[in-house]
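In what follows, a structure is listed as C-alpha cells, so that the remarks can point back to it.
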Amino acid sequence: MKIVIAPDSYKESLSALDVAQAIEKGFREIFPDALYISVPVADGGEGTVDAMIGATQGSKMATTVTGPLGEPVTACWGMSGDGKTAFIEMAEASGLALVPSEKRNPLVTTSHGTGELILCALDNGARNIIIGIGGSATNDGGAGMMQALGARLADANGKEVSPGGGSLLSLNSIDISGLDKRLESCVINVACDVTNPLIGDNGASRIFGPQKGASEAMIVELDRNLAHFADVIKKHLRIDVRNAPGAGAAGGMGAALMAFLGANLRSGVEIVTEALNLEEHIHDCSLVVTGEGRMDSQSIRGKVPIGVAAVAKKYRKPVIGIAGSLSKDVAVVHQYGIDAVFSVLHSVSTLDEALKNASENIYRASRDIAATVAIGMRTTV
C-alpha cells in the first residue's frame, strides 16, 4: 500500500512538512507497513521556497534588501540543488507582514527589495527564477522592482520617480537599456492565481488596496496612477498591460513582470506540483491525503488541495482532505476531486487552542481516518 501525503501548511500554526509528518504518524498506527511518500506542497505563497528547496535538495539563503518602507530587512530565498533555479517569495522582501498595521500606506510602499532579491539570485548563478508574488504590501506596479533591476523611470525633469504607488503619476519616460543583461537569458515563471486586470473595479487598487491600508481616496489615486503607468509602458515598451489577466496581481507587480521581463504568469500550485514531480509519486499510489488550515469554497481557487486532487484524478486515485476547519460550503470541493473531507477538531476550542494543538489534532484525526479506511477495506457488500 502506497500513500502519498501532500498537504499545504496550516497558516500561523504548522508548516506543510509538519502537517505531513503528523498525518503520517496517525496513518502509521493503522498501516505500519505501508509505503509513505510525503510531499509538502505550496501554492506560490508562504512555504513555496521551503517546498521547492526540499524537492530539489537545494539550500536556503538570506540577504539584506530594501523593505517596503525603505528600511533594510533580511529576506530568505532558495536555490535548487543544481544551482540553476532560484525560488523567491515577494513577501520576504516586500510583504505586508513587514509593515505594522498603523504604517500601512500603499502610496509609499515599494517593491524595490524584490528586485534586489532577483539580483542576488542572478549573482549566485541562477538562470531560472520561480517567484511567488502573494502577500505584497505594495501598489507601485512593480516600479520599485524594475528600478532595482536597472530600469530608469523618470519624470518630466529626468529625475527618477520616488518610491511608492503615489509617485507613478509623475512618470514621464521609461528606459530599459540599463536593465541587468543577465535577465535576457533568464526564464522567469511567476506563481500567481490572481487574474485581476491592472486597473478598474476589479483592478489591483480597488480589490487589494484596502488590505494594504488604502482609504477610498487612496484607491482612486492609486488606480489613476496605475492607469498612467500603463499608458507610459504602452508608449515606451509597446505593450498594453491594462487589461491583461494577472496584471493586477501584487499591486500591479504582474504587469511589470510581464511587460519588462517577459515573465510567464501561471497557477502557483501547478508550478509547485510540477517541480515536486507530484505526478510521478501519485500515478501508482493507493491513496492521496492532502489538506490545509481551512477548507471552503475558496479552496477551489488555486489552493493546494484542489491542485493535488487534479493530479490524483488523472489516475483515478482516491483523495482525502484533512483541514483545521471546514466551512458550510465545503461540499463544493467534491466536484474538484476531493472524495472526503475531515476536520481535525474533536471538541469545541478557541482559535488559540486549535493553533496550539494542531499537530496533536492532526495526528488523532489521521489515525481515525486511517482506521475508517481499514474498516472499508475489510468490509464487503
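Chain labels A, B, ... are given in the sequence in which chains occur in the C-alpha cells; within each chain residues are numbered consecutively from 1, and ligands are likewise numbered from 1 in the order shown.
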
As JSON, numbers by chain, which residues of stretch 138-381 of chain A does DSSP assign to strand (DSSP E)?
{"A": [152, 153, 154, 173, 174, 175, 187, 188, 189, 190, 191, 264, 265, 266, 287, 288, 289, 290, 291, 292, 293, 294, 295, 319, 320, 321, 322, 323, 324, 325, 326, 340, 341, 342, 343]}

Only N, CA, C and O atoms, please: the residues just picked out, written as a short mmCIF file (atom, residue, chain, number, x, y, z; two decimals), in the first residue's frame.
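So the final result, stored in out.cif, reads:
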```cif
data_model
loop_
_atom_site.label_atom_id
_atom_site.label_comp_id
_atom_site.auth_asym_id
_atom_site.auth_seq_id
_atom_site.Cartn_x
_atom_site.Cartn_y
_atom_site.Cartn_z
N ARG A 152 15.24 52.69 -15.86
CA ARG A 152 15.16 54.09 -15.45
C ARG A 152 13.74 54.60 -15.68
O ARG A 152 13.25 54.62 -16.81
N LEU A 153 13.09 54.99 -14.60
CA LEU A 153 11.74 55.52 -14.65
C LEU A 153 11.83 56.99 -14.23
O LEU A 153 12.02 57.30 -13.05
N ALA A 154 11.70 57.86 -15.20
CA ALA A 154 12.00 59.28 -14.95
C ALA A 154 10.77 60.16 -15.11
O ALA A 154 9.84 59.86 -15.86
N SER A 173 8.86 58.91 -18.62
CA SER A 173 9.57 58.08 -19.59
C SER A 173 10.14 56.82 -18.94
O SER A 173 10.39 56.79 -17.73
N ILE A 174 10.33 55.80 -19.75
CA ILE A 174 10.91 54.54 -19.30
C ILE A 174 12.09 54.20 -20.21
O ILE A 174 11.96 54.21 -21.44
N ASP A 175 13.22 53.89 -19.60
CA ASP A 175 14.41 53.49 -20.35
C ASP A 175 14.91 52.16 -19.77
O ASP A 175 15.30 52.09 -18.61
N VAL A 187 14.88 32.73 -17.48
CA VAL A 187 13.47 32.38 -17.62
C VAL A 187 12.79 32.60 -16.27
O VAL A 187 13.22 32.04 -15.26
N ILE A 188 11.76 33.43 -16.27
CA ILE A 188 11.06 33.76 -15.03
C ILE A 188 9.63 33.25 -15.09
O ILE A 188 8.86 33.61 -15.98
N ASN A 189 9.30 32.38 -14.15
CA ASN A 189 7.93 31.89 -14.00
C ASN A 189 7.35 32.46 -12.72
O ASN A 189 7.99 32.43 -11.66
N VAL A 190 6.14 32.99 -12.81
CA VAL A 190 5.52 33.66 -11.68
C VAL A 190 4.35 32.83 -11.17
O VAL A 190 3.42 32.51 -11.93
N ALA A 191 4.42 32.46 -9.90
CA ALA A 191 3.33 31.73 -9.27
C ALA A 191 2.25 32.73 -8.90
O ALA A 191 2.41 33.52 -7.97
N ASN A 264 6.30 34.56 -17.34
CA ASN A 264 5.09 33.76 -17.52
C ASN A 264 4.33 33.69 -16.21
O ASN A 264 4.88 33.26 -15.19
N LEU A 265 3.07 34.12 -16.21
CA LEU A 265 2.23 34.02 -15.02
C LEU A 265 1.44 32.72 -15.10
O LEU A 265 0.70 32.49 -16.06
N ARG A 266 1.61 31.87 -14.08
CA ARG A 266 0.97 30.55 -14.09
C ARG A 266 0.38 30.26 -12.72
O ARG A 266 0.74 30.89 -11.72
N LEU A 287 -3.57 5.75 -2.29
CA LEU A 287 -4.38 6.79 -1.65
C LEU A 287 -3.58 8.08 -1.60
O LEU A 287 -2.36 8.07 -1.40
N VAL A 288 -4.28 9.21 -1.76
CA VAL A 288 -3.67 10.53 -1.62
C VAL A 288 -4.34 11.26 -0.46
O VAL A 288 -5.57 11.30 -0.37
N VAL A 289 -3.53 11.83 0.42
CA VAL A 289 -4.04 12.62 1.54
C VAL A 289 -3.48 14.03 1.41
O VAL A 289 -2.27 14.22 1.30
N THR A 290 -4.36 15.01 1.44
CA THR A 290 -3.94 16.40 1.32
C THR A 290 -4.63 17.22 2.41
O THR A 290 -5.31 16.66 3.27
N GLY A 291 -4.47 18.52 2.40
CA GLY A 291 -5.13 19.34 3.42
C GLY A 291 -4.60 20.75 3.47
O GLY A 291 -3.60 21.09 2.83
N GLU A 292 -5.28 21.57 4.26
CA GLU A 292 -4.89 22.96 4.50
C GLU A 292 -5.57 23.41 5.78
O GLU A 292 -6.41 22.69 6.35
N GLY A 293 -5.23 24.60 6.24
CA GLY A 293 -5.77 25.08 7.50
C GLY A 293 -7.28 25.19 7.53
O GLY A 293 -7.93 24.82 8.51
N ARG A 294 -7.86 25.71 6.46
CA ARG A 294 -9.31 25.82 6.36
C ARG A 294 -9.72 25.43 4.95
O ARG A 294 -9.17 25.92 3.98
N MET A 295 -10.68 24.54 4.86
CA MET A 295 -11.16 24.12 3.55
C MET A 295 -12.58 24.66 3.36
O MET A 295 -13.46 24.44 4.19
N VAL A 319 -8.90 10.60 -2.97
CA VAL A 319 -8.26 11.72 -2.28
C VAL A 319 -9.04 12.05 -1.01
O VAL A 319 -10.25 12.23 -1.04
N ILE A 320 -8.32 12.15 0.09
CA ILE A 320 -8.89 12.57 1.37
C ILE A 320 -8.29 13.92 1.75
O ILE A 320 -7.08 14.11 1.68
N GLY A 321 -9.16 14.85 2.16
CA GLY A 321 -8.71 16.15 2.61
C GLY A 321 -8.85 16.27 4.12
O GLY A 321 -9.89 15.93 4.68
N ILE A 322 -7.82 16.76 4.78
CA ILE A 322 -7.83 16.96 6.23
C ILE A 322 -7.54 18.43 6.51
O ILE A 322 -6.50 18.95 6.09
N ALA A 323 -8.45 19.11 7.19
CA ALA A 323 -8.31 20.54 7.41
C ALA A 323 -8.51 20.91 8.87
O ALA A 323 -9.14 20.17 9.64
N GLY A 324 -7.97 22.06 9.23
CA GLY A 324 -8.18 22.54 10.59
C GLY A 324 -9.65 22.83 10.84
O GLY A 324 -10.18 22.56 11.90
N SER A 325 -10.32 23.38 9.84
CA SER A 325 -11.75 23.66 9.95
C SER A 325 -12.39 23.55 8.58
O SER A 325 -11.72 23.67 7.55
N LEU A 326 -13.70 23.33 8.58
CA LEU A 326 -14.47 23.20 7.35
C LEU A 326 -15.59 24.23 7.37
O LEU A 326 -16.20 24.48 8.40
N ALA A 340 -13.43 12.92 0.16
CA ALA A 340 -13.93 13.06 1.53
C ALA A 340 -13.10 14.11 2.25
O ALA A 340 -11.89 14.23 2.01
N VAL A 341 -13.76 14.88 3.14
CA VAL A 341 -13.05 15.89 3.90
C VAL A 341 -13.33 15.73 5.39
O VAL A 341 -14.43 15.33 5.78
N PHE A 342 -12.34 16.02 6.21
CA PHE A 342 -12.47 15.88 7.65
C PHE A 342 -11.83 17.07 8.34
O PHE A 342 -10.79 17.57 7.92
N SER A 343 -12.43 17.48 9.44
CA SER A 343 -11.83 18.49 10.30
C SER A 343 -11.02 17.77 11.37
O SER A 343 -11.40 16.69 11.84
#
```

Selection: 8 Å around A:Ala255, only C-alpha atoms, excl. self and same-chain fewer than 5 positions, as a list in words:
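Near A:Ala255, the qualifying residues are Gly141, Gly142, Leu198, Val241, Ala244, Gly246, Ala247, Gly248 and Ala249 of chain A.
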
Put those residues in a file: C-alpha atoms, as an mmCIF file, in the first residue's frame.
```cif
data_model
loop_
_atom_site.group_PDB
_atom_site.id
_atom_site.type_symbol
_atom_site.label_atom_id
_atom_site.label_comp_id
_atom_site.auth_asym_id
_atom_site.auth_seq_id
_atom_site.Cartn_x
_atom_site.Cartn_y
_atom_site.Cartn_z
ATOM 1 C CA GLY A 141 3.036 48.418 -10.291
ATOM 2 C CA GLY A 142 6.412 46.775 -9.740
ATOM 3 C CA LEU A 198 -4.312 46.237 -13.582
ATOM 4 C CA VAL A 241 -0.944 45.709 -19.741
ATOM 5 C CA ALA A 244 -4.004 41.621 -19.178
ATOM 6 C CA GLY A 246 -2.971 38.832 -13.736
ATOM 7 C CA ALA A 247 -1.546 42.291 -14.384
ATOM 8 C CA GLY A 248 -3.189 43.493 -11.167
ATOM 9 C CA ALA A 249 -1.571 40.820 -9.001
#
```

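Excluding A:Val330 itself and any same-chain residue fewer than 2 positions from it, the protein and nucleic acid residues within 9 Å of it, counting only C-alpha atoms, are A:Met295, A:Asp296, A:Ser297, A:Gln298, A:Ser299, A:Leu326, A:Ser327, A:Lys328, A:Val332, A:Val333, A:His334, A:Val341.
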
Preceding selection exported with N, CA and C atoms as a tab-separated table (two decimals), in the first residue's frame:
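Generated output (out.tsv):
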```tsv
chain	number	residue	atom	x	y	z
A	295	MET	N	-10.68	24.54	4.86
A	295	MET	CA	-11.16	24.12	3.55
A	295	MET	C	-12.58	24.66	3.36
A	296	ASP	N	-12.77	25.40	2.26
A	296	ASP	CA	-14.06	26.01	1.98
A	296	ASP	C	-14.20	26.23	0.48
A	297	SER	N	-15.18	27.02	0.07
A	297	SER	CA	-15.40	27.24	-1.35
A	297	SER	C	-14.23	27.97	-2.01
A	298	GLN	N	-13.45	28.71	-1.22
A	298	GLN	CA	-12.29	29.40	-1.78
A	298	GLN	C	-11.16	28.43	-2.12
A	299	SER	N	-11.22	27.21	-1.59
A	299	SER	CA	-10.18	26.23	-1.86
A	299	SER	C	-10.09	25.87	-3.34
A	326	LEU	N	-13.70	23.33	8.58
A	326	LEU	CA	-14.47	23.20	7.35
A	326	LEU	C	-15.59	24.23	7.37
A	327	SER	N	-15.89	24.80	6.21
A	327	SER	CA	-16.99	25.76	6.12
A	327	SER	C	-18.27	25.06	5.71
A	328	LYS	N	-19.37	25.80	5.78
A	328	LYS	CA	-20.67	25.24	5.39
A	328	LYS	C	-20.71	24.91	3.90
A	332	VAL	N	-18.42	21.82	-2.08
A	332	VAL	CA	-18.07	22.11	-3.47
A	332	VAL	C	-16.76	21.44	-3.87
A	333	VAL	N	-15.89	21.16	-2.90
A	333	VAL	CA	-14.60	20.56	-3.25
A	333	VAL	C	-14.76	19.15	-3.81
A	334	HIS	N	-15.88	18.50	-3.52
A	334	HIS	CA	-16.09	17.15	-4.05
A	334	HIS	C	-16.19	17.17	-5.57
A	341	VAL	N	-13.76	14.88	3.14
A	341	VAL	CA	-13.05	15.89	3.90
A	341	VAL	C	-13.33	15.73	5.39
```

Quick one: everything within 10 Å of A:Gly47, counting only C-alpha atoms, minus sequence neighbours fewer than 6 positions away in the same chain. Send it as an NGL selection string.
:A and (8-9 or 11 or 15-17 or 40-41 or 89 or 132)

Shell of 8 Å around A:Ile23, only C-alpha atoms, local chain residues under 5 positions omitted, as an MDAnalysis selection string:
chainID A and resid 5 362:363 366:367

Please save N, CA and C atoms of the selected residues as a JSON list (two decimals), in the first residue's frame.
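The result, written out as again.json:
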```
[["chain", "number", "residue", "atom", "x", "y", "z"],
["A", 5, "ILE", "N", 1.22, 11.70, 0.82],
["A", 5, "ILE", "CA", 0.73, 12.74, 1.72],
["A", 5, "ILE", "C", 1.24, 14.08, 1.21],
["A", 362, "ILE", "N", -4.15, 16.83, 14.33],
["A", 362, "ILE", "CA", -3.98, 16.21, 13.01],
["A", 362, "ILE", "C", -3.64, 14.73, 13.17],
["A", 363, "TYR", "N", -2.76, 14.44, 14.10],
["A", 363, "TYR", "CA", -2.39, 13.04, 14.36],
["A", 363, "TYR", "C", -3.60, 12.22, 14.76],
["A", 366, "SER", "N", -6.01, 11.78, 11.81],
["A", 366, "SER", "CA", -5.43, 10.91, 10.79],
["A", 366, "SER", "C", -5.49, 9.45, 11.20],
["A", 367, "ARG", "N", -5.26, 9.20, 12.48],
["A", 367, "ARG", "CA", -5.33, 7.83, 12.96],
["A", 367, "ARG", "C", -6.75, 7.28, 12.77]]
```

Neighbours of A:Leu222 within 12 Å (only C-alpha atoms; same-chain residues fewer than 2 positions away dropped), as a VMD selection string?
chain A and resid 105 to 109 138 to 141 164 to 169 198 to 200 203 to 210 212 to 220 224 to 229 248 251 to 252

Quick check, in Å to one decimal: how far apart do atom CA of A:Ala121 and atom CA of A:Val194 lie?
24.8 Å

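You can rank A:Cys192, A:Ala6, A:Ala86, A:Met258 by their closest distance to A:Asp18 using only C-alpha atoms, and at the top of that list sits A:Ala6.
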
Give me every helix (DSSP H, G or I) residue in stretch 199-262 of chain A, going by DSSP on the backbone, as JSON, numbers by chain.
{"A": [204, 205, 206, 207, 208, 210, 211, 212, 216, 217, 218, 219, 220, 221, 222, 223, 224, 225, 226, 227, 228, 229, 230, 231, 232, 233, 234, 235, 236, 237, 249, 250, 251, 252, 253, 254, 255, 256, 257, 258, 259, 260, 261]}

Same residues, C-alpha atoms, saved as a PDB file, in the first residue's frame:
```
ATOM      1  CA  ALA A 204      -5.157  45.999  -8.174  1.00  0.00           C
ATOM      2  CA  SER A 205      -6.055  49.134  -6.230  1.00  0.00           C
ATOM      3  CA  ARG A 206      -9.775  48.566  -5.791  1.00  0.00           C
ATOM      4  CA  ILE A 207      -9.624  44.879  -4.884  1.00  0.00           C
ATOM      5  CA  PHE A 208      -6.382  44.599  -2.940  1.00  0.00           C
ATOM      6  CA  PRO A 210      -7.800  48.146   1.309  1.00  0.00           C
ATOM      7  CA  GLN A 211      -5.909  45.275   2.915  1.00  0.00           C
ATOM      8  CA  LYS A 212      -2.708  47.238   2.337  1.00  0.00           C
ATOM      9  CA  GLU A 216     -11.211  55.227  -0.562  1.00  0.00           C
ATOM     10  CA  ALA A 217      -9.366  58.375  -1.619  1.00  0.00           C
ATOM     11  CA  MET A 218      -6.119  56.438  -1.894  1.00  0.00           C
ATOM     12  CA  ILE A 219      -7.780  53.753  -4.025  1.00  0.00           C
ATOM     13  CA  VAL A 220      -8.945  56.353  -6.524  1.00  0.00           C
ATOM     14  CA  GLU A 221      -5.488  57.938  -6.632  1.00  0.00           C
ATOM     15  CA  LEU A 222      -3.667  54.619  -6.949  1.00  0.00           C
ATOM     16  CA  ASP A 223      -5.950  53.390  -9.726  1.00  0.00           C
ATOM     17  CA  ARG A 224      -5.423  56.622 -11.652  1.00  0.00           C
ATOM     18  CA  ASN A 225      -1.667  56.335 -11.186  1.00  0.00           C
ATOM     19  CA  LEU A 226      -1.554  52.725 -12.387  1.00  0.00           C
ATOM     20  CA  ALA A 227      -3.585  53.716 -15.448  1.00  0.00           C
ATOM     21  CA  HIS A 228      -0.969  56.377 -16.186  1.00  0.00           C
ATOM     22  CA  PHE A 229       1.804  53.832 -15.612  1.00  0.00           C
ATOM     23  CA  ALA A 230       0.130  51.523 -18.142  1.00  0.00           C
ATOM     24  CA  ASP A 231      -0.040  54.362 -20.669  1.00  0.00           C
ATOM     25  CA  VAL A 232       3.675  55.101 -20.312  1.00  0.00           C
ATOM     26  CA  ILE A 233       4.518  51.393 -20.588  1.00  0.00           C
ATOM     27  CA  LYS A 234       2.477  51.151 -23.787  1.00  0.00           C
ATOM     28  CA  LYS A 235       4.200  54.239 -25.228  1.00  0.00           C
ATOM     29  CA  HIS A 236       7.768  53.183 -24.466  1.00  0.00           C
ATOM     30  CA  LEU A 237       7.620  49.373 -24.420  1.00  0.00           C
ATOM     31  CA  ALA A 249      -1.571  40.820  -9.001  1.00  0.00           C
ATOM     32  CA  ALA A 250       0.511  42.078  -6.083  1.00  0.00           C
ATOM     33  CA  GLY A 251      -0.365  45.725  -6.614  1.00  0.00           C
ATOM     34  CA  GLY A 252       0.486  45.623 -10.307  1.00  0.00           C
ATOM     35  CA  MET A 253       3.616  43.516  -9.943  1.00  0.00           C
ATOM     36  CA  GLY A 254       2.122  41.163 -12.516  1.00  0.00           C
ATOM     37  CA  ALA A 255       2.107  43.962 -15.076  1.00  0.00           C
ATOM     38  CA  ALA A 256       5.791  44.777 -14.556  1.00  0.00           C
ATOM     39  CA  LEU A 257       6.873  41.150 -14.694  1.00  0.00           C
ATOM     40  CA  MET A 258       5.050  40.668 -17.985  1.00  0.00           C
ATOM     41  CA  ALA A 259       5.945  43.985 -19.630  1.00  0.00           C
ATOM     42  CA  PHE A 260       9.557  44.434 -18.565  1.00  0.00           C
ATOM     43  CA  LEU A 261      10.771  40.855 -18.063  1.00  0.00           C
TER      44      LEU A 261
END
```

Nearest residue to A:Ala275 from the set A:Leu345, A:Met52, A:Ile37, A:Ala20 (distances using only C-alpha atoms):
A:Met52

From the options A:Met79, A:Met146, A:Val49, A:Ala365, which residue's atoms come nearest to A:Ser347, counting only C-alpha atoms?
A:Ala365

Which one of A:Ala143, A:Leu69, A:Val39, A:Cys186 sits closest to A:Gln21 if you count only C-alpha atoms?
A:Val39

Computed interatomic separation between atom CA of A:Ala51 and atom CA of A:Val99 (Å):
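Distance between the two atoms: 25.1 Å.
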